[in-house]
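To keep things clear, I will list the structure first and then write my remarks on it.
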Amino acid sequence: MTSAPRHFLVATFSNEDALRAAAREVRDRGCRIHDVYTPYPVHGMDELIGIRHSRLPVATLVGGLAGCATALAMQFYMAVFDWPLNVGGKPANSTLAFVPITFELTVLCAGLVTAAAFLTRSGLVPGASTVPFADGTTEDLFALVLRSRDVTIDVAEAGRLLLESGAAQVVLKDVSR
Amino acid sequence: MPGTARRTLTPAVECARPVPLRPAWLEGSLALRQISDDIALPLSARPGAGWFVCIAVSLTALAVGVACVTYQIATGIGTWGLNKSVGWAFDITNFVFWIGIGHAGTLISAILLLFRQHWRMSINRSAEAMTIFAVLCAALFPLIHMGRPWLAFWMMPYPNSRGPLWVNFRSPLVWDVFAINTYLIVSLVFWYFGMLPDFATLRDRAGAGGKKRIYGLLSLGWDGSQRTWSRYETACLLLAGLATPLVISVHSIVSMDFATSILPGWHATIFPPYFVAGAVYSGFGMVMLLLIITRRVMHLQRYITLAHLDRMAKITLLTGSLVAFSYASEWFMAWYGGNADERFVFVNRATGRYAWAFWTMVACNVVIPQCLWLRRVRTSPAALLPIAILINVGMWFERFVIIVTSLHRSYLPSSWVMYYPTSIEIGTLVGSFGLFFTCFLLFIRLLPMIATWEIKGLAAAQARGRS
């Protein structure tokens, strides 16, 4: 990552309809939207920003399969190989009786892997610093952020376009990280 | 657009369609900032007298429980009323009761999420909290039942110096260990995930200082980016999809503690669905009890409306009917099965020395919920409150009847005895209620008890629907 400041155009809106309309407007003009910051999930924005289908279900599947395999292997090893215990003459390999624990560990691993994958992919870790593009986006403001580099039209023109389509405020922000 | 076909089932596209919202799940039109103000108020304002009274009662009950548990661990579980025939009684009744309470929370937060029920949004956070506290209370009972709870880690399969001698994986009691720990961990993750955006809101509302730092840490740097939101909703759906079969498995496995044994009255294939229905039924009773009190004490009537109570009462009626059907089915099978011992145990339940417990159970679980057919009752907090309490009384007695009446009259008449709880056992039950309500009362002062971000989305959708 370069240390040179990156320039962003930040437009804030008071409601999601204005945000959606403005997002459609700038996208139709060929600008790529950097991101949108909202107090609650605004549906239908993914297509406008170009967010692709999340691959989290793959993580869930992998976690689940790992949990399932671990549980089966663990029970089989402990109850059949390592110390077969005769309880009421039941076979050492009572596979059906291994199902509940296998199921529980499948769910546990799938859940934990999903959670970990989500947090890692989203960069959510304790102590992560946030420098919000606009104050109040976790409260009642909706911010649309364009990166100057990605704005195909003149930046001033883009700002005017955003104001026309309902932005309460448009500011230019330099972020150096 | 590329990828459109694949996206047809994603939450984003599904919800982009205008969602019919009837009836209104929030009273009046609320500004977004107003919503966070209302929900964050209890976290900073001085608690009212009502809260102090409640916490005083809860802490007293908790103190009784701590004293009883300390005494029985120091002395041994000979302080209980158990005997050679009735080896499970109060303690296991409490365990099954508390585990069951938790199930409504997961049903509201996970299953209703999958079914896209908007009314869950005002109540899911507190219901999930209830789940976690109930599972904590439940976990307490098997621990103290061991007599030597410091050896609880023996329940886990770990390499040990005794062979290693492993746990018996064919035993439902070992399944329980895995089921309950998984349930607790997944519920905690789900609960915390739900609060992430709210912690960010609280962080940004707080002035510089300790509070901001704590909420900052808890929010993990959440900034409300659409990329995160999109992934977040997928993650929540996945967790809900995992929690749904999980919650059904937990009480099924608990029921197998009984069903896999050959005792008359226990050895029945109906047990897993019967227990799950009963769990949801009692859990909804507890959710109603908590929310009827909380909405009043915390002035949240605009968020937890009468329409919410109506829906919860309907689910209670449905699950109560399933429970009644299970009772009928059990009785039918006891007669139709032609097993004399089985038949005797059921007749003994209704006419024997514990008949009072059986008829309390029938009155509370079969008769009382019939009041919920009336809309007037379903939308009246004053009428629902006693019903909610009686449901919990009834469900506690259901477990007592199943456990004690089967054990005290099993196959051998020579082992027929009575069981009476001691004051220590009753004190431990009181203590578990103290623990549960203390945790809940602290929760409503320390954490946002309503999912702020979900309510904001709902309020916006409701406003759009109206305009």
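In the structure tokens, chains take letters A, B, ... by order of appearance, with residues numbered from 1 within each chain and ligands from 1 in the order shown.
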Output as a PyMOL selection string all residues of region 75-104 of chain A that backbone DSSP marks as alpha helix (DSSP H). chain A and resi 75-76+95-104
Strand (DSSP E or B) positions in chain A, given as an NGL selection string: :A and (6-13 or 33-37 or 142-147 or 169-175)
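Atom pair CA of Trp25 (chain B) / CA of Lys314 (chain B) has a distance of 15.9 Å (rounded to one decimal).
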Got a sec: who's within 7 Å of Phe284 (chain B), counting only C-alpha atoms, leaving out chain neighbours fewer than 3 positions off, as a count of residues only? 7
Do a neighbour search on region 428-444 of chain B at 6 Å with only C-alpha atoms, toss out local chain neighbours closer than 2 positions, and write the hits as a VMD selection string. chain B and resid 58 to 59 61 to 62 64 to 65 68 133 137 425 to 426 446 to 447 449
Would you kindly return, as a PyMOL selection string, each protein, DNA or RNA residue with an atom no farther than 9 Å from any atom of region 69-77 of chain A, considering only C-alpha atoms and excluding same-chain residues fewer than 2 positions away? (chain A and resi 64-67+79-83+92-95+98-99+101-106) or (chain B and resi 169)
So which residues touch Val247 (chain B) within 12 Å, counting only C-alpha atoms, skipping near sequence neighbours fewer than 4 positions away, as a PyMOL selection string? (chain A and resi 103-104+107) or (chain B and resi 99-111+131+135+179-184+186-187+239-243+251-254+272-273+275-277+279-280)
For region 122-130 of chain A, list every protein, DNA or RNA residue within 7 Å, evaluated using only C-alpha atoms, and leave out those in the same chain fewer than 6 positions away; present the list as a list of chain:residue names.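 Listing them by chain and then by number gives B:Leu217, B:Leu218, B:Leu220, B:Gly221, B:Trp222, B:Asp223, B:Thr228.
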N, CA, C and O atoms of the current selection, written as a PDB file, in the first residue's frame:
ATOM      1  N   LEU B 217     -13.736  -1.556  21.285  1.00  0.00           N
ATOM      2  CA  LEU B 217     -13.172  -2.915  21.279  1.00  0.00           C
ATOM      3  C   LEU B 217     -14.229  -3.933  20.868  1.00  0.00           C
ATOM      4  O   LEU B 217     -13.980  -4.813  20.049  1.00  0.00           O
ATOM      5  N   LEU B 218     -15.419  -3.785  21.446  1.00  0.00           N
ATOM      6  CA  LEU B 218     -16.480  -4.754  21.177  1.00  0.00           C
ATOM      7  C   LEU B 218     -16.961  -4.676  19.728  1.00  0.00           C
ATOM      8  O   LEU B 218     -17.386  -5.672  19.160  1.00  0.00           O
ATOM      9  N   LEU B 220     -15.238  -4.172  17.130  1.00  0.00           N
ATOM     10  CA  LEU B 220     -14.226  -4.738  16.225  1.00  0.00           C
ATOM     11  C   LEU B 220     -13.967  -3.860  15.006  1.00  0.00           C
ATOM     12  O   LEU B 220     -13.596  -4.345  13.943  1.00  0.00           O
ATOM     13  N   GLY B 221     -14.191  -2.568  15.162  1.00  0.00           N
ATOM     14  CA  GLY B 221     -13.918  -1.658  14.047  1.00  0.00           C
ATOM     15  C   GLY B 221     -15.007  -1.654  12.981  1.00  0.00           C
ATOM     16  O   GLY B 221     -14.749  -1.325  11.828  1.00  0.00           O
ATOM     17  N   TRP B 222     -16.213  -1.992  13.347  1.00  0.00           N
ATOM     18  CA  TRP B 222     -17.333  -1.997  12.405  1.00  0.00           C
ATOM     19  C   TRP B 222     -17.561  -0.568  11.888  1.00  0.00           C
ATOM     20  O   TRP B 222     -17.617   0.376  12.668  1.00  0.00           O
ATOM     21  N   ASP B 223     -17.689  -0.415  10.553  1.00  0.00           N
ATOM     22  CA  ASP B 223     -17.898   0.931  10.024  1.00  0.00           C
ATOM     23  C   ASP B 223     -19.139   1.040   9.138  1.00  0.00           C
ATOM     24  O   ASP B 223     -19.382   2.077   8.540  1.00  0.00           O
ATOM     25  N   THR B 228     -19.239  -5.007   4.062  1.00  0.00           N
ATOM     26  CA  THR B 228     -19.353  -5.755   5.310  1.00  0.00           C
ATOM     27  C   THR B 228     -20.803  -6.160   5.561  1.00  0.00           C
ATOM     28  O   THR B 228     -21.077  -7.292   5.935  1.00  0.00           O
TER      29      THR B 228
END
Using only C-alpha atoms for the distances, tell me which of A:Tyr40, A:Arg20, A:Pro5, A:Ala11 is nearest to chain B.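 Closest residue, counting only C-alpha atoms: A:Tyr40.
Candidate residues B:Thr60, B:Thr260, B:Ser414, B:Thr234 were compared for distance to Ala59 (chain A), and the nearest is B:Thr234, using only C-alpha atoms.
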